[in-house]
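Written below as structure tokens is the structure these notes are about.
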Amino acid sequence: MIDLHIHSHYSDGTNSIQELIDILKFKKITTFSLTDHDTVLGVVPIIQEAEKNSIIVVPGVEISASINDEVLHILGYNIDFNNNQLKEYLNSITSTYTYITYDKLKMLNEKGILNYKWDNVINHSGFKSAIYSSDVYKSMIKDGYDFKLKDWPKFYKDTFSLVSQHFPNIVFPSPEEAIEIILHAGGIPVLAHPKRNGNNDVIFIKKLIPAGLKGIEVYYPFHDKTTTRKYNDIANTYNLIKTGGTDWHGEFTTWNVEIGDFGVEHLEF
């Protein structure tokens with residue numbers, strides 16, 4: 001199985017590059033894609049480690065986009081991860097995440113809900129292009145707080161969710177812009193987990209095909225047999241590439257899957 005949807009600690013996963021390689025070796029997966037959210041920082045190190053173990057990496061990214069405040073994600077495969085325009089585009093997204101996380105932690109400290117320094121977060125997560133609320137949690141664990149990674153959703157509910165209403169939703173670029181930047185970087189744009197867009201799934205697919213959408217993620221943990229058949233038929237009708245993956249986030253993965261449980265038997269690109 002080829003798993004084309006995996007995240008590392010360079011975005012919102014919990015696994016380091018070496019940990020991912022160890023899992024891939026154990027699962028005997030020979031081809032995969034690292035598709036971190038809005039960053040390509042992990043691509044070079046994972047290619048270097050994968051080559052040592054005869055594992056093939058499809059360079060990837062998952063770009064956040066929105067239509068009328070509804071968030072959707074565009075996967076980009078076989079991208080030129082050294083493309084300057086791509087990196088500048090992604091940086092414009094990730095810097096916003098970091099600013100908002102900083103402001104949220106500051107407010108939580110001021111309200112007495114938390115007592116934790118931003119400098120500590122930077123110390124543990126400064127290698128990343130975006131620092132998320134979950135990075136604060138992981139940093140606290142590294143500093144000796146008696147938390148478990150699996151309890152992150154409860155921690156979020158008890159802390160960050162209490163101040164979230166004070167901050168506007170991040171306005172992401174349009175999916176058309178995301179597709180354009182992926183194409184500019186020589187990549188293949190694919191709509192991720194379309195079922196998550198509810199009743200707008202088919203509407204979005206049809207809307208984005210003229211913009212250059214090349215594929216849809218057919219095989220995914222939230223897609224039952226009926227849903228998978230639906231997207232498979234859509235892909236056939238519009239001559240779209242079919243991809244799939246587990247959307248692995250390490251211990252932050254909230255669905256019951258392991259790397260390689262979902263994916264494709266062969267690459268269509």
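If you're wondering about the labels, chains in the structure tokens are A, B, ... by order shown, residues count from 1 in each chain, ligands from 1 in order shown.
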
Determine, for each residue of segment 148-211 of chain A having at least one atom at most 12 Å from an atom of segment 46-63 of chain A, the closest pair of atoms and their separation in Å to one decimal, counting only C-alpha atoms; order by chain and ascending number, as a Markdown table.
| residue | atom | partner | partner_atom | distance |
| --- | --- | --- | --- | --- |
| A:Phe172 | CA | A:Ile63 | CA | 9.3 |
| A:Pro173 | CA | A:Ile63 | CA | 9.2 |
| A:Ser174 | CA | A:Ile63 | CA | 10.2 |
| A:Pro175 | CA | A:Ile63 | CA | 8.6 |
| A:Glu176 | CA | A:Ile63 | CA | 11.2 |
| A:Glu177 | CA | A:Ile63 | CA | 10.0 |
| A:Ala178 | CA | A:Ile63 | CA | 6.6 |
| A:Ile179 | CA | A:Ile63 | CA | 9.0 |
| A:Glu180 | CA | A:Ile63 | CA | 11.4 |
| A:Ile181 | CA | A:Ile63 | CA | 9.8 |
| A:Ile182 | CA | A:Val61 | CA | 9.0 |
| A:Ala185 | CA | A:Gly60 | CA | 11.0 |
| A:Gly186 | CA | A:Pro59 | CA | 11.1 |
| A:Gly187 | CA | A:Gly60 | CA | 8.4 |
| A:Ile188 | CA | A:Gly60 | CA | 9.2 |
| A:Pro189 | CA | A:Glu62 | CA | 9.4 |
| A:Val190 | CA | A:Glu62 | CA | 9.2 |
| A:Leu191 | CA | A:Glu62 | CA | 9.4 |
| A:Ala192 | CA | A:Glu62 | CA | 8.1 |
| A:His193 | CA | A:Glu62 | CA | 11.2 |

Would you put the residues from that selection into a file with N, CA and C atoms, as a CSV table (one decimal), in the first residue's frame?
chain,number,residue,atom,x,y,z
A,172,PHE,N,-7.9,32.0,4.8
A,172,PHE,CA,-6.9,31.4,4.0
A,172,PHE,C,-7.1,31.8,2.5
A,173,PRO,N,-6.0,31.6,1.7
A,173,PRO,CA,-6.2,31.9,0.3
A,173,PRO,C,-7.3,31.0,-0.3
A,174,SER,N,-7.7,31.4,-1.5
A,174,SER,CA,-8.7,30.6,-2.2
A,174,SER,C,-8.1,29.2,-2.6
A,175,PRO,N,-8.9,28.2,-2.8
A,175,PRO,CA,-8.4,26.9,-3.4
A,175,PRO,C,-7.9,27.1,-4.8
A,176,GLU,N,-8.4,28.1,-5.5
A,176,GLU,CA,-7.9,28.3,-6.9
A,176,GLU,C,-6.4,28.8,-6.8
A,177,GLU,N,-6.2,29.7,-5.8
A,177,GLU,CA,-4.8,30.2,-5.6
A,177,GLU,C,-3.9,29.0,-5.2
A,178,ALA,N,-4.4,28.1,-4.3
A,178,ALA,CA,-3.6,27.0,-3.9
A,178,ALA,C,-3.2,26.1,-5.0
A,179,ILE,N,-4.2,25.8,-5.9
A,179,ILE,CA,-4.0,25.0,-7.1
A,179,ILE,C,-3.0,25.7,-8.0
A,180,GLU,N,-3.1,27.0,-8.2
A,180,GLU,CA,-2.2,27.7,-9.1
A,180,GLU,C,-0.8,27.6,-8.6
A,181,ILE,N,-0.6,27.8,-7.3
A,181,ILE,CA,0.8,27.7,-6.7
A,181,ILE,C,1.4,26.3,-6.8
A,182,ILE,N,0.6,25.3,-6.7
A,182,ILE,CA,1.1,23.9,-6.8
A,182,ILE,C,1.5,23.7,-8.2
A,185,ALA,N,4.7,25.2,-9.1
A,185,ALA,CA,5.8,24.5,-8.5
A,185,ALA,C,5.9,23.1,-9.2
A,186,GLY,N,5.2,22.9,-10.3
A,186,GLY,CA,5.4,21.6,-11.0
A,186,GLY,C,4.6,20.5,-10.4
A,187,GLY,N,3.7,20.8,-9.5
A,187,GLY,CA,3.0,19.7,-8.8
A,187,GLY,C,1.7,19.3,-9.3
A,188,ILE,N,1.0,18.3,-8.6
A,188,ILE,CA,-0.3,17.8,-9.0
A,188,ILE,C,-1.2,18.1,-7.9
A,189,PRO,N,-2.2,19.1,-8.1
A,189,PRO,CA,-3.2,19.4,-7.1
A,189,PRO,C,-4.3,18.4,-6.9
A,190,VAL,N,-4.6,18.0,-5.7
A,190,VAL,CA,-5.6,17.0,-5.4
A,190,VAL,C,-6.4,17.5,-4.2
A,191,LEU,N,-7.7,17.4,-4.3
A,191,LEU,CA,-8.6,17.8,-3.2
A,191,LEU,C,-8.6,16.7,-2.1
A,192,ALA,N,-8.2,17.2,-0.9
A,192,ALA,CA,-8.1,16.2,0.2
A,192,ALA,C,-9.5,15.9,0.8
A,193,HIS,N,-9.6,14.7,1.3
A,193,HIS,CA,-10.8,14.3,2.1
A,193,HIS,C,-12.1,15.0,1.7

- Query: Looking only at the backbone, which of the residues in segment 80-212 of chain A does DSSP tag as helix (DSSP H, G or I), as number ranges by chain?
  - Reply: A: 84-110, 118-125, 133-142, 149-158, 160-162, 164-166, 175-184, 194-208

- Item | Atomic distance atom CA of Leu213 of chain A - atom CA of Tyr132 of chain A, expressed in Å with one decimal | 28.3 Å

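Minimum atom-to-atom distances from A:Ile29, A:Lys242, A:Lys206, A:Trp255 to Pro221 of chain A were compared using only C-alpha atoms, and the lowest value belongs to A:Trp255.
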
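One distance worth recording is that between atom CA of Lys117 of chain A and atom CA of Tyr137 of chain A, which is 11.8 Å.
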
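By only C-alpha atoms, and with residues fewer than 2 positions from Leu24 of chain A along its chain excluded, the set lying at most 10 Å from it is Asp3, Gln18, Glu19, Leu20, Ile21, Asp22, Phe26, Lys27, Lys28, Ile29, Thr30, Thr31, Phe32, Ala50, Asn53, Ile55, Ile259 and Gly260 of chain A.
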
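The interatomic distance for the pair atom CA of Leu149 of chain A and atom CA of Ile100 of chain A works out to 21.8 Å.
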
- Nearby residues (only C-alpha atoms) at most 12 Å from Thr228 of chain A, same-chain spacing under 4 positions excluded, as a VMD selection string: chain A and resid 193 to 195 216 to 224 232 to 235 242 to 244 262 to 263

- Task: Considering only C-alpha atoms, return as a PyMOL selection string whatever protein or nucleic-acid residues lie within 12 Å of Lys142 of chain A, sequence-local ones (same chain, fewer than 6 positions apart) excluded.
- Result: chain A and resi 120-121+123-125+135-136+148-149

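Candidate residues A:Lys128, A:Val257, A:His266, A:Leu208 were compared for distance to Tyr238 of chain A, and the nearest is A:Leu208, using only C-alpha atoms.
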
DSSP on the backbone, strand (DSSP E) only: what residues of segment 60-204 of chain A does that give? Format it as a compact mmCIF listing (two decimals) with N, CA and C atoms, in the first residue's frame.
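Final output, saved to selection_21.txt:
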# COMPACT_ATOMS: atom_id res chain seq x y z
N GLY A 60 5.49 16.20 -1.05
CA GLY A 60 4.13 16.68 -0.98
C GLY A 60 3.92 17.81 0.00
N VAL A 61 2.72 18.35 -0.01
CA VAL A 61 2.31 19.41 0.91
C VAL A 61 0.79 19.41 0.95
N GLU A 62 0.22 19.89 2.04
CA GLU A 62 -1.23 20.05 2.14
C GLU A 62 -1.50 21.52 2.46
N ILE A 63 -2.09 22.21 1.50
CA ILE A 63 -2.28 23.65 1.62
C ILE A 63 -3.69 23.98 2.10
N SER A 64 -3.77 24.83 3.11
CA SER A 64 -5.06 25.27 3.63
C SER A 64 -5.66 26.33 2.71
N ALA A 65 -6.95 26.21 2.47
CA ALA A 65 -7.66 27.18 1.62
C ALA A 65 -9.06 27.34 2.17
N SER A 66 -9.79 28.33 1.67
CA SER A 66 -11.16 28.52 2.15
C SER A 66 -12.03 29.15 1.08
N ILE A 67 -13.31 28.78 1.14
CA ILE A 67 -14.35 29.38 0.31
C ILE A 67 -15.48 29.81 1.25
N GLU A 70 -15.47 28.45 4.66
CA GLU A 70 -15.39 26.99 4.77
C GLU A 70 -13.99 26.56 4.34
N VAL A 71 -13.32 25.84 5.26
CA VAL A 71 -11.93 25.44 5.01
C VAL A 71 -11.91 24.15 4.20
N LEU A 72 -11.04 24.10 3.22
CA LEU A 72 -10.75 22.86 2.51
C LEU A 72 -9.26 22.80 2.24
N HIS A 73 -8.77 21.61 1.98
CA HIS A 73 -7.34 21.38 1.86
C HIS A 73 -7.00 20.85 0.47
N ILE A 74 -5.94 21.42 -0.10
CA ILE A 74 -5.47 20.99 -1.40
C ILE A 74 -4.10 20.33 -1.23
N LEU A 75 -4.03 19.06 -1.57
CA LEU A 75 -2.77 18.33 -1.54
C LEU A 75 -1.99 18.61 -2.81
N GLY A 76 -0.69 18.76 -2.68
CA GLY A 76 0.17 18.94 -3.84
C GLY A 76 1.23 17.86 -3.88
N TYR A 77 1.29 17.09 -4.96
CA TYR A 77 2.24 15.99 -5.08
C TYR A 77 3.28 16.27 -6.16
N ILE A 188 1.05 18.35 -8.61
CA ILE A 188 -0.25 17.82 -8.99
C ILE A 188 -1.25 18.14 -7.88
N PRO A 189 -2.20 19.05 -8.11
CA PRO A 189 -3.15 19.44 -7.06
C PRO A 189 -4.30 18.44 -6.93
N VAL A 190 -4.56 18.05 -5.69
CA VAL A 190 -5.58 17.04 -5.38
C VAL A 190 -6.43 17.54 -4.21
N LEU A 191 -7.74 17.42 -4.32
CA LEU A 191 -8.62 17.81 -3.22
C LEU A 191 -8.57 16.74 -2.13

- Message: Residues near segment 150-152 of chain A, anyone? I mean within 10 Å using only C-alpha atoms, not counting same-chain ones fewer than 6 positions away, as a ChimeraX atom specification.
- Response: /A:133-134,137-138,158,250-254
